[in-house]
Each structure stands twice: as structure tokens, then as C-alpha cells.
Amino acid sequence: MIFCTRFGCLTTLVIGVFFNARSSAQEIASVTVTQDPKIEQLLKEKRRINPSITVNDGYKIQIYNGESEASKKVLADFRKQSHNLDGTVIFNTPFYKVWVGNFKTRVEAERNLAELRKTYPQALIIRPNK
């Protein structure tokens, strides 16, 4: 049964042709993405250089809180002591803070905190993303 009014048949015909053409025009396409392996290497290096850019919400140890020049000196001294931890200076109004390490668990951070407190008695564990 076809329902036609003055413009009904024409509208129905146009809609039918549009959907028919649209459904037959669709093709299956595949997309292949190739990524240079150096991109992941660069991201790892960027995270190593600037650990304030975190991917996870782990723990860090703050070893200093104070003036800008003093924080740079503390970080330089920390690096000279050949610790195997990364460190960075963060500005958090109104002070500069020196954060070291990037620990996934609090237990891991506490182990390192015990060692760092021998040199930095004011050191404490923080969770930057919280």
C-alpha cells in the first residue's frame, strides 16, 4: 500500500533514493597507523628529564621547600651524591620545592625516605596528583 499526497510521493521517493544511494556508497576501509619507535623513546626521555609530568599518580619525596636559589643548590647537591633517583624543582606558590623519585607504591617511597632522611631530615613523602 503506497500513501501518496501531493508532495508525499515525491518526498517518499527522494528519501528512498537518498538512503539507497547512501547505503550502497559505504565501503569498508582499513587504516594502518605506523609509528616511529623513536617516539616512545622520546616520551620516556621527556618523562625522565621532567618527572613532574606524570602518567600515574604515584609518590614522590620532597627534600626541600624554600627559596629559588637554595632549591637549585639542593637539587645540584642531590645529583652530585649519585642517587639513582630523578629530581626536579617545582614552584608551588610561594615556595620552590625539590621533589625526587617517582614511586608507584607508598612502601617503595618509605624505603627511600629512610635513606634520604640521613642527608635531608626534613624530607617527606608527597602525592603530587592528589
# chains A, B, ... in the order shown; residues from 1 in each chain; ligands from 1
>>> residues_around(residues="region 109-124 of chain A", least_positions_apart="6", cutoff="10 Å", atoms="only C-alpha atoms", output="JSON, numbers by chain")
{"A": [58, 59, 60, 61, 62, 63, 64, 65, 74, 78, 83, 85, 98, 99, 100, 101, 102, 103]}
>>> closest_residue(among="A:Thr32, A:Asn50, A:Thr105, A:Ser68", to="Thr88 (chain A)", atoms="only C-alpha atoms")
A:Asn50
